[in-house]
>>> print(open('data-v5.tsv').read())   # TSV, C-alpha atoms and all ligand atoms
chain	number	residue	atom	x	y	z
A	289	MET	CA	35.09	127.52	-77.57
A	290	PRO	CA	37.83	126.09	-79.83
A	291	ARG	CA	38.11	127.56	-83.31
A	292	LYS	CA	35.58	126.44	-85.89
A	293	LEU	CA	36.76	123.61	-88.13
A	294	ALA	CA	36.65	123.17	-91.89
A	295	ALA	CA	37.64	119.55	-92.45
A	296	GLY	CA	38.15	117.85	-95.80
A	297	ASN	CA	37.79	114.10	-96.15
A	298	TRP	CA	39.42	113.04	-99.40
A	299	LYS	CA	38.23	109.42	-98.97
A	300	MET	CA	39.90	107.12	-101.57
A	301	ASN	CA	40.83	109.99	-103.87
A	302	GLY	CA	44.14	111.64	-104.59
A	303	LEU	CA	47.46	110.73	-106.20
A	304	GLY	CA	50.66	112.73	-105.89
A	305	ALA	CA	49.38	115.49	-108.16
A	306	ALA	CA	46.74	116.34	-105.54
A	307	LEU	CA	49.44	117.81	-103.28
A	308	ALA	CA	49.34	120.93	-105.44
A	309	GLU	CA	45.77	121.52	-104.22
A	310	VAL	CA	47.02	121.86	-100.65
A	311	THR	CA	49.63	124.41	-101.64
A	312	ALA	CA	46.97	126.30	-103.60
A	313	LEU	CA	44.57	126.19	-100.64
A	314	ALA	CA	47.27	127.57	-98.30
A	315	GLU	CA	47.90	130.38	-100.77
A	316	ARG	CA	44.21	131.17	-101.08
A	317	CYS	CA	43.55	131.04	-97.32
A	318	PRO	CA	46.84	132.17	-95.73
A	319	SER	CA	45.45	133.06	-92.30
A	320	PRO	CA	41.97	131.63	-91.76
A	321	LYS	CA	40.17	132.22	-88.48
A	322	ALA	CA	38.89	128.67	-88.60
A	323	GLU	CA	41.06	125.59	-88.32
A	324	VAL	CA	41.51	123.95	-91.71
A	325	LEU	CA	42.11	120.22	-91.92
A	326	ILE	CA	42.70	117.81	-94.80
A	327	CYS	CA	42.40	114.06	-94.29
A	328	PRO	CA	43.95	112.46	-97.38
A	329	PRO	CA	44.30	108.75	-98.13
A	330	ALA	CA	47.05	107.18	-95.99
A	331	THR	CA	49.41	106.94	-98.97
A	332	LEU	CA	49.54	110.75	-99.19
A	333	LEU	CA	49.56	111.64	-95.50
A	334	SER	CA	53.32	112.11	-94.99
A	335	ARG	CA	53.80	114.04	-98.19
A	336	LEU	CA	50.74	116.18	-97.59
A	337	SER	CA	51.87	116.94	-94.02
A	338	ALA	CA	55.24	118.04	-95.43
A	339	ALA	CA	53.57	120.15	-98.13
A	340	ALA	CA	51.35	121.83	-95.50
A	341	GLU	CA	54.18	122.53	-93.05
A	342	GLY	CA	54.36	126.20	-92.11
A	343	SER	CA	50.79	126.73	-93.42
A	344	PRO	CA	47.61	126.82	-91.31
A	345	ILE	CA	46.49	123.48	-92.76
A	346	ALA	CA	46.47	120.50	-90.39
A	347	THR	CA	46.34	116.90	-91.57
A	348	GLY	CA	44.55	113.80	-90.38
A	349	GLY	CA	43.89	110.14	-91.07
A	350	GLN	CA	40.59	108.58	-92.16
A	351	ASP	CA	40.71	105.59	-89.81
A	352	CYS	CA	43.06	103.87	-87.36
A	353	HIS	CA	43.51	100.55	-85.61
A	354	THR	CA	43.12	100.17	-81.86
A	355	ALA	CA	46.66	98.78	-81.37
A	356	THR	CA	49.94	100.69	-81.50
A	357	SER	CA	51.70	98.07	-83.64
A	358	GLY	CA	51.53	94.36	-84.40
A	359	ALA	CA	50.24	91.67	-86.72
A	360	HIS	CA	47.38	93.54	-88.45
A	361	THR	CA	48.06	93.41	-92.17
A	362	GLY	CA	46.87	96.47	-94.00
A	363	ASP	CA	45.99	98.46	-90.89
A	364	ILE	CA	47.46	101.72	-89.62
A	365	SER	CA	47.97	102.58	-85.96
A	366	PRO	CA	47.29	105.96	-84.36
A	367	ALA	CA	51.03	106.29	-83.63
A	368	MET	CA	51.74	105.82	-87.34
A	369	LEU	CA	49.32	108.63	-88.20
A	370	VAL	CA	51.11	110.90	-85.72
A	371	ASP	CA	54.45	109.82	-87.21
A	372	ALA	CA	53.13	110.86	-90.64
A	373	GLY	CA	52.27	114.33	-89.32
A	374	ALA	CA	48.57	113.89	-88.47
A	375	SER	CA	46.88	115.65	-85.60
A	376	TYR	CA	43.34	114.37	-86.29
A	377	VAL	CA	41.67	111.13	-87.31
A	378	ILE	CA	38.16	110.56	-88.68
A	379	LEU	CA	36.51	107.58	-86.96
A	380	GLY	CA	33.25	105.74	-87.54
A	381	HIS	CA	32.51	107.31	-90.91
A	382	SER	CA	29.33	105.74	-92.31
A	383	GLU	CA	31.35	104.33	-95.22
A	384	ARG	CA	33.56	102.44	-92.75
A	385	ARG	CA	30.56	101.37	-90.70
A	386	ALA	CA	28.98	100.00	-93.92
A	387	ASP	CA	32.04	98.70	-95.83
A	388	HIS	CA	33.93	97.30	-92.83
A	389	GLY	CA	31.13	96.50	-90.40
A	390	GLU	CA	32.41	98.89	-87.76
A	391	SER	CA	30.16	98.91	-84.69
A	392	ASP	CA	29.77	101.68	-82.14
A	393	ALA	CA	31.97	99.63	-79.77
A	394	THR	CA	34.71	99.43	-82.41
A	395	VAL	CA	34.51	103.18	-82.96
A	396	ALA	CA	34.75	103.80	-79.21
A	397	ALA	CA	37.83	101.56	-78.94
A	398	LYS	CA	39.47	103.35	-81.88
A	399	THR	CA	38.64	106.71	-80.31
A	400	HIS	CA	40.39	105.67	-77.09
A	401	ALA	CA	43.42	104.54	-79.06
A	402	ALA	CA	43.50	107.81	-81.00
A	403	TRP	CA	43.34	109.84	-77.77
A	404	ASN	CA	46.18	107.80	-76.28
A	405	ALA	CA	48.35	108.72	-79.27
A	406	GLY	CA	47.49	112.40	-78.86
A	407	LEU	CA	45.15	112.61	-81.85
A	408	THR	CA	41.86	114.50	-81.91
A	409	ALA	CA	39.11	112.08	-82.97
A	410	ILE	CA	36.35	113.21	-85.33
A	411	VAL	CA	33.59	110.73	-84.49
A	412	CYS	CA	30.93	110.45	-87.21
A	413	VAL	CA	27.26	109.64	-86.72
A	414	GLY	CA	24.23	109.80	-88.98
A	415	GLU	CA	20.93	108.19	-89.87
A	416	THR	CA	19.99	106.36	-93.06
A	417	GLU	CA	17.15	107.58	-95.23
A	418	ALA	CA	14.92	104.74	-94.00
A	419	GLN	CA	15.62	105.68	-90.38
A	420	ARG	CA	14.76	109.32	-91.07
A	421	GLU	CA	11.54	108.34	-92.84
A	422	ALA	CA	10.62	106.15	-89.87
A	423	GLY	CA	11.07	109.13	-87.50
A	424	GLU	CA	14.05	107.48	-85.81
A	425	THR	CA	16.70	110.12	-86.54
A	426	LEU	CA	17.30	111.55	-83.07
A	427	GLY	CA	17.12	108.14	-81.39
A	428	VAL	CA	19.62	106.63	-83.82
A	429	ILE	CA	22.08	109.48	-83.52
A	430	GLN	CA	21.89	109.77	-79.76
A	431	SER	CA	22.44	106.05	-79.41
A	432	GLN	CA	25.46	106.22	-81.75
A	433	ILE	CA	26.93	109.05	-79.68
A	434	ALA	CA	26.25	107.27	-76.40
A	435	SER	CA	28.07	104.14	-77.58
A	436	SER	CA	30.76	105.52	-79.96
A	437	VAL	CA	32.10	108.36	-77.82
A	438	PRO	CA	33.90	107.08	-74.72
A	439	ASP	CA	33.70	108.70	-71.29
A	440	GLY	CA	36.20	111.47	-70.78
A	441	ALA	CA	35.72	113.21	-74.14
A	442	THR	CA	36.96	116.80	-74.12
A	443	ALA	CA	36.81	119.65	-76.61
A	444	ALA	CA	40.52	119.15	-77.33
A	445	SER	CA	40.27	115.41	-77.88
A	446	THR	CA	36.96	115.07	-79.68
A	447	VAL	CA	34.90	116.51	-82.51
A	448	ILE	CA	31.51	115.13	-83.56
A	449	ALA	CA	30.43	115.07	-87.21
A	450	TYR	CA	26.74	114.68	-88.03
A	451	GLU	CA	26.57	113.18	-91.51
A	452	PRO	CA	23.16	111.91	-92.65
A	453	VAL	CA	24.02	108.84	-94.75
A	454	TRP	CA	21.50	109.86	-97.43
A	455	ALA	CA	23.14	113.29	-97.84
A	456	ILE	CA	26.66	111.97	-98.49
A	457	GLY	CA	27.72	112.37	-102.11
A	458	THR	CA	24.11	112.71	-103.25
A	459	GLY	CA	23.61	116.47	-103.51
A	460	LYS	CA	20.66	116.05	-101.10
A	461	VAL	CA	20.93	118.21	-98.00
A	462	PRO	CA	18.63	118.25	-94.96
A	463	THR	CA	16.68	121.43	-94.41
A	464	LEU	CA	18.31	123.98	-92.11
A	465	LYS	CA	15.59	123.17	-89.59
A	466	GLN	CA	16.48	119.47	-89.73
A	467	ILE	CA	20.18	120.25	-89.23
A	468	ALA	CA	19.36	122.55	-86.30
A	469	GLU	CA	17.13	119.92	-84.71
A	470	VAL	CA	19.93	117.32	-84.72
A	471	HIS	CA	22.72	119.69	-83.70
A	472	ASP	CA	20.69	121.15	-80.84
A	473	ALA	CA	19.84	117.65	-79.63
A	474	LEU	CA	23.50	116.62	-79.84
A	475	ARG	CA	24.55	119.71	-77.89
A	476	GLY	CA	22.03	118.89	-75.19
A	477	GLN	CA	23.27	115.30	-74.99
A	478	LEU	CA	26.94	116.36	-74.79
A	479	ASN	CA	26.17	118.97	-72.11
A	480	GLU	CA	24.32	116.45	-70.05
A	481	ARG	CA	27.08	113.88	-70.28
A	482	PHE	CA	30.27	115.96	-70.25
A	483	GLY	CA	29.17	119.14	-68.45
A	484	SER	CA	30.80	122.39	-69.54
A	485	GLU	CA	33.26	120.46	-71.73
A	486	GLY	CA	30.28	119.16	-73.70
A	487	ASN	CA	29.38	122.71	-74.54
A	488	GLU	CA	32.77	123.19	-76.21
A	489	ILE	CA	32.99	119.99	-78.27
A	490	ARG	CA	32.72	121.05	-81.90
A	491	LEU	CA	29.78	119.75	-83.93
A	492	LEU	CA	30.40	119.52	-87.67
A	493	TYR	CA	27.76	119.02	-90.33
A	494	GLY	CA	28.70	116.80	-93.29
A	495	GLY	CA	26.88	115.68	-96.44
A	496	SER	CA	26.90	117.53	-99.79
A	497	VAL	CA	28.38	120.73	-98.35
A	498	LYS	CA	29.36	122.97	-101.29
A	499	ALA	CA	30.39	126.60	-101.73
A	500	LYS	CA	26.79	127.45	-102.63
A	501	ASN	CA	25.15	126.11	-99.45
A	502	ALA	CA	28.00	126.55	-96.93
A	503	ALA	CA	27.06	130.01	-95.63
A	504	GLU	CA	23.47	129.07	-94.78
A	505	ILE	CA	24.57	125.84	-93.09
A	506	PHE	CA	27.21	127.68	-91.02
A	507	ALA	CA	24.51	130.07	-89.77
A	508	VAL	CA	22.58	127.17	-88.15
A	509	SER	CA	22.74	126.96	-84.36
A	510	ASN	CA	25.36	124.60	-82.96
A	511	VAL	CA	27.06	124.09	-86.33
A	512	ASP	CA	30.77	124.66	-85.61
A	513	GLY	CA	32.10	123.72	-89.04
A	514	ALA	CA	31.84	121.07	-91.72
A	515	LEU	CA	33.22	117.72	-92.78
A	516	VAL	CA	33.40	117.96	-96.55
A	517	GLY	CA	33.96	115.16	-99.06
A	518	GLY	CA	33.82	115.90	-102.79
A	519	ALA	CA	34.10	119.68	-102.43
A	520	SER	CA	37.33	119.38	-100.41
A	521	LEU	CA	39.35	117.86	-103.25
A	522	THR	CA	40.36	121.12	-104.90
A	523	ALA	CA	41.37	124.52	-103.56
A	524	GLU	CA	38.87	126.07	-105.95
A	525	ASP	CA	35.97	124.24	-104.27
A	526	PHE	CA	37.23	124.10	-100.67
A	527	GLY	CA	38.60	127.66	-100.45
A	528	PRO	CA	35.14	129.30	-100.60
A	529	ILE	CA	33.86	126.90	-97.92
A	530	VAL	CA	36.71	127.93	-95.59
A	531	GLU	CA	35.93	131.57	-96.39
A	532	ALA	CA	32.22	131.05	-95.65
A	533	LEU	CA	33.10	129.57	-92.25
A	534	ASP	CA	35.33	132.54	-91.47
A	535	ALA	CA	32.57	134.93	-92.53
A	536	ALA	CA	30.13	133.14	-90.19
A	537	GLY	CA	32.32	134.38	-87.30
A	601	LIG	O1	31.14	111.91	-96.22
A	601	LIG	C1	31.40	113.10	-96.28
A	601	LIG	C2	32.54	113.66	-95.55
A	601	LIG	O2	33.04	112.76	-94.63
A	601	LIG	C3	30.58	114.01	-97.12
A	601	LIG	O3	30.84	113.75	-98.44
A	601	LIG	P1	30.28	114.75	-99.59
A	601	LIG	O4	30.68	116.15	-99.13
A	601	LIG	O5	30.99	114.32	-100.83
A	601	LIG	O6	28.81	114.56	-99.60
>>> encode(input="data-v5.tsv", output="structure tokens")
Amino acid sequence: MPRKLAAGNWKMNGLGAALAEVTALAERCPSPKAEVLICPPATLLSRLSAAAEGSPIATGGQDCHTATSGAHTGDISPAMLVDAGASYVILGHSERRADHGESDATVAAKTHAAWNAGLTAIVCVGETEAQREAGETLGVIQSQIASSVPDGATAASTVIAYEPVWAIGTGKVPTLKQIAEVHDALRGQLNERFGSEGNEIRLLYGGSVKAKNAAEIFAVSNVDGALVGGASLTAEDFGPIVEALDAAG
């Protein structure tokens, strides 16, 4: 099994001053057992990669285009993320699915492009509150996985993040039983489709993960780490989450 992963998604937050948080995080967690990843806005990626050099902190993008270069104003290619020091990219986040109309097919194409550039793709899935209330959660998520994750996914190339849309930035968190139900179902689906490799693909939980709830979430079966938004912005908030993941073994 690859190392567990504590991933921070800074979303559209962070100016130059935020680089100090990465230095502080590296000082606080000098040799974590888990992999630690920060995905800053694209404007900070190069500088953050430089600031994290020599530390255990990896960097990643929050989206990429399917092409390597060309006439796509405002977009960023996977090769450009690699050039800026990234080793990961978050794809299909629910905010991109909602704000930019990204479909499962788009996410799958971006995942292929990311793999071709040597990036590890963190593919995000999650149900809305209405879908959960209608009892559709597992069906929605399994269909998103089936169509957003291309054939050939491996533990080195792919991470899955389960992020219930209603838990993102709301302070609402599913029960541990609800998290276990989804993660166990995802593990079963990945095993069935990718064989032994599917057993090794890391499954992250995301949505209102904080220092105070991290340890109990990391104890849930088939939770191999977290994708953290708001609580990843400072070393003070993210450090204890990394430490909780390490303590979970
Ligand atoms: O969307 C998320 C990470 O990608 C979760 O965000 P919050 O941790 O702020 O709820």
>>> residues_near_ligand(input="data-v5.tsv", ligand="ligand LIG 601 (chain A)", cutoff="6 Å", atoms="only C-alpha atoms and all ligand atoms", output="list of chain:residue names")
A:Asn297, A:Ile456, A:Gly457, A:Gly494, A:Gly495, A:Ser496, A:Val497, A:Leu515, A:Val516, A:Gly517, A:Gly518, A:Ala519
>>> closest_residue(input="data-v5.tsv", among="A:Val428, A:Trp454, A:Ser319, A:Ala499", to="Ala473 (chain A)", atoms="all atoms listed in the file")
A:Val428
>>> closest_residue(input="data-v5.tsv", among="A:Ser436, A:Ser334, A:Gln430, A:Thr416", to="Gly380 (chain A)", atoms="all atoms listed in the file")
A:Ser436
>>> closest_residue(input="data-v5.tsv", among="A:Leu325, A:Ala401, A:Ala449, A:Cys317", to="Ala355 (chain A)", atoms="all atoms listed in the file")
A:Ala401
>>> closest_residue(input="data-v5.tsv", among="A:Ala339, A:Val447, A:Met300, A:Ala441", to="Arg384 (chain A)", atoms="all atoms listed in the file")
A:Met300
>>> closest_residue(input="data-v5.tsv", among="A:Arg420, A:Ala502, A:Val508, A:Glu469", to="Phe526 (chain A)", atoms="only C-alpha atoms")
A:Ala502
>>> closest_residue(input="data-v5.tsv", among="A:Ala372, A:Ala346, A:Val411, A:Ala444", to="Ala322 (chain A)", atoms="all atoms listed in the file")
A:Ala346
>>> residues_around(input="data-v5.tsv", residues="Thr408 (chain A)", least_positions_apart="4", cutoff="7 Å", atoms="all atoms listed in the file", output="list in words")
Ser375, Tyr376, Val377, Ala402, Trp403, Ala444, Ser445 and Thr446 of chain A
>>> residues_near_point(input="data-v5.tsv", point="(33.4, 128.7, -93.3)", cutoff="10 Å", atoms="all atoms listed in the file", output="list in words")
Lys292, Leu293, Ala294, Pro320, Lys321, Ala322, Glu323, Val324, Ala499, Ala502, Ala503, Ile505, Phe506, Ala507, Asp512, Gly513, Ala514, Phe526, Gly527, Pro528, Ile529, Val530, Glu531, Ala532, Leu533, Asp534, Ala535, Ala536 and Gly537 of chain A
>>> residues_around(input="data-v5.tsv", residues="region 366-369 of chain A", least_positions_apart="3", cutoff="7 Å", atoms="only C-alpha atoms", output="MDAnalysis selection string")
chainID A and resid 349 352:353 356 372:374 401:402 405
>>> residues_near_point(input="data-v5.tsv", point="(49.8, 127.8, -97.8)", cutoff="7 Å", atoms="only C-alpha atoms", output="count of residues only")
9
>>> atom_distance(input="data-v5.tsv", atom1="CA of Leu478 (chain A)", atom2="CA of Ser509 (chain A)")
14.9 Å
>>> axis_aligned_box(input="data-v5.tsv", around="region 502-521 of chain A", padding_each_side="4 Å", output="lines of an AutoDock Vina configuration file")
center_x = 31.0
center_y = 122.6
center_z = -93.1
size_x = 24.8
size_y = 22.9
size_z = 28.3
>>> residues_around(input="data-v5.tsv", residues="Gln466 (chain A)", least_positions_apart="2", cutoff="12 Å", atoms="all atoms listed in the file", output="list in words")
Arg420, Gly423, Thr425, Leu426, Tyr450, Pro452, Val461, Pro462, Thr463, Leu464, Ala468, Glu469, Val470, His471, Asp472, Ala473, Tyr493, Ile505, Val508 and Ser509 of chain A
>>> build_atoms(input="data-v5.tsv", residues="region 523-536 of chain A", atoms="N, CA and C atoms", output="CSV table (one decimal), in the frame of the given file")
chain,number,residue,atom,x,y,z
A,523,ALA,N,41.3,123.2,-104.2
A,523,ALA,CA,41.4,124.5,-103.6
A,523,ALA,C,40.2,125.4,-104.1
A,524,GLU,N,39.9,125.2,-105.3
A,524,GLU,CA,38.9,126.1,-106.0
A,524,GLU,C,37.5,125.8,-105.3
A,525,ASP,N,37.2,124.6,-104.9
A,525,ASP,CA,36.0,124.2,-104.3
A,525,ASP,C,36.0,124.5,-102.8
A,526,PHE,N,37.2,124.1,-102.1
A,526,PHE,CA,37.2,124.1,-100.7
A,526,PHE,C,37.5,125.5,-100.1
A,527,GLY,N,38.3,126.3,-100.9
A,527,GLY,CA,38.6,127.7,-100.4
A,527,GLY,C,37.4,128.5,-100.1
A,528,PRO,N,36.3,128.5,-100.9
A,528,PRO,CA,35.1,129.3,-100.6
A,528,PRO,C,34.4,128.8,-99.4
A,529,ILE,N,34.5,127.5,-99.1
A,529,ILE,CA,33.9,126.9,-97.9
A,529,ILE,C,34.6,127.4,-96.7
A,530,VAL,N,35.9,127.4,-96.7
A,530,VAL,CA,36.7,127.9,-95.6
A,530,VAL,C,36.4,129.4,-95.4
A,531,GLU,N,36.2,130.1,-96.5
A,531,GLU,CA,35.9,131.6,-96.4
A,531,GLU,C,34.5,131.8,-95.8
A,532,ALA,N,33.6,130.9,-96.2
A,532,ALA,CA,32.2,131.0,-95.6
A,532,ALA,C,32.2,130.8,-94.1
A,533,LEU,N,33.0,129.9,-93.7
A,533,LEU,CA,33.1,129.6,-92.2
A,533,LEU,C,33.7,130.8,-91.5
A,534,ASP,N,34.7,131.4,-92.1
A,534,ASP,CA,35.3,132.5,-91.5
A,534,ASP,C,34.3,133.7,-91.4
A,535,ALA,N,33.5,133.8,-92.5
A,535,ALA,CA,32.6,134.9,-92.5
A,535,ALA,C,31.5,134.7,-91.5
A,536,ALA,N,31.2,133.4,-91.2
A,536,ALA,CA,30.1,133.1,-90.2
A,536,ALA,C,30.5,133.5,-88.8
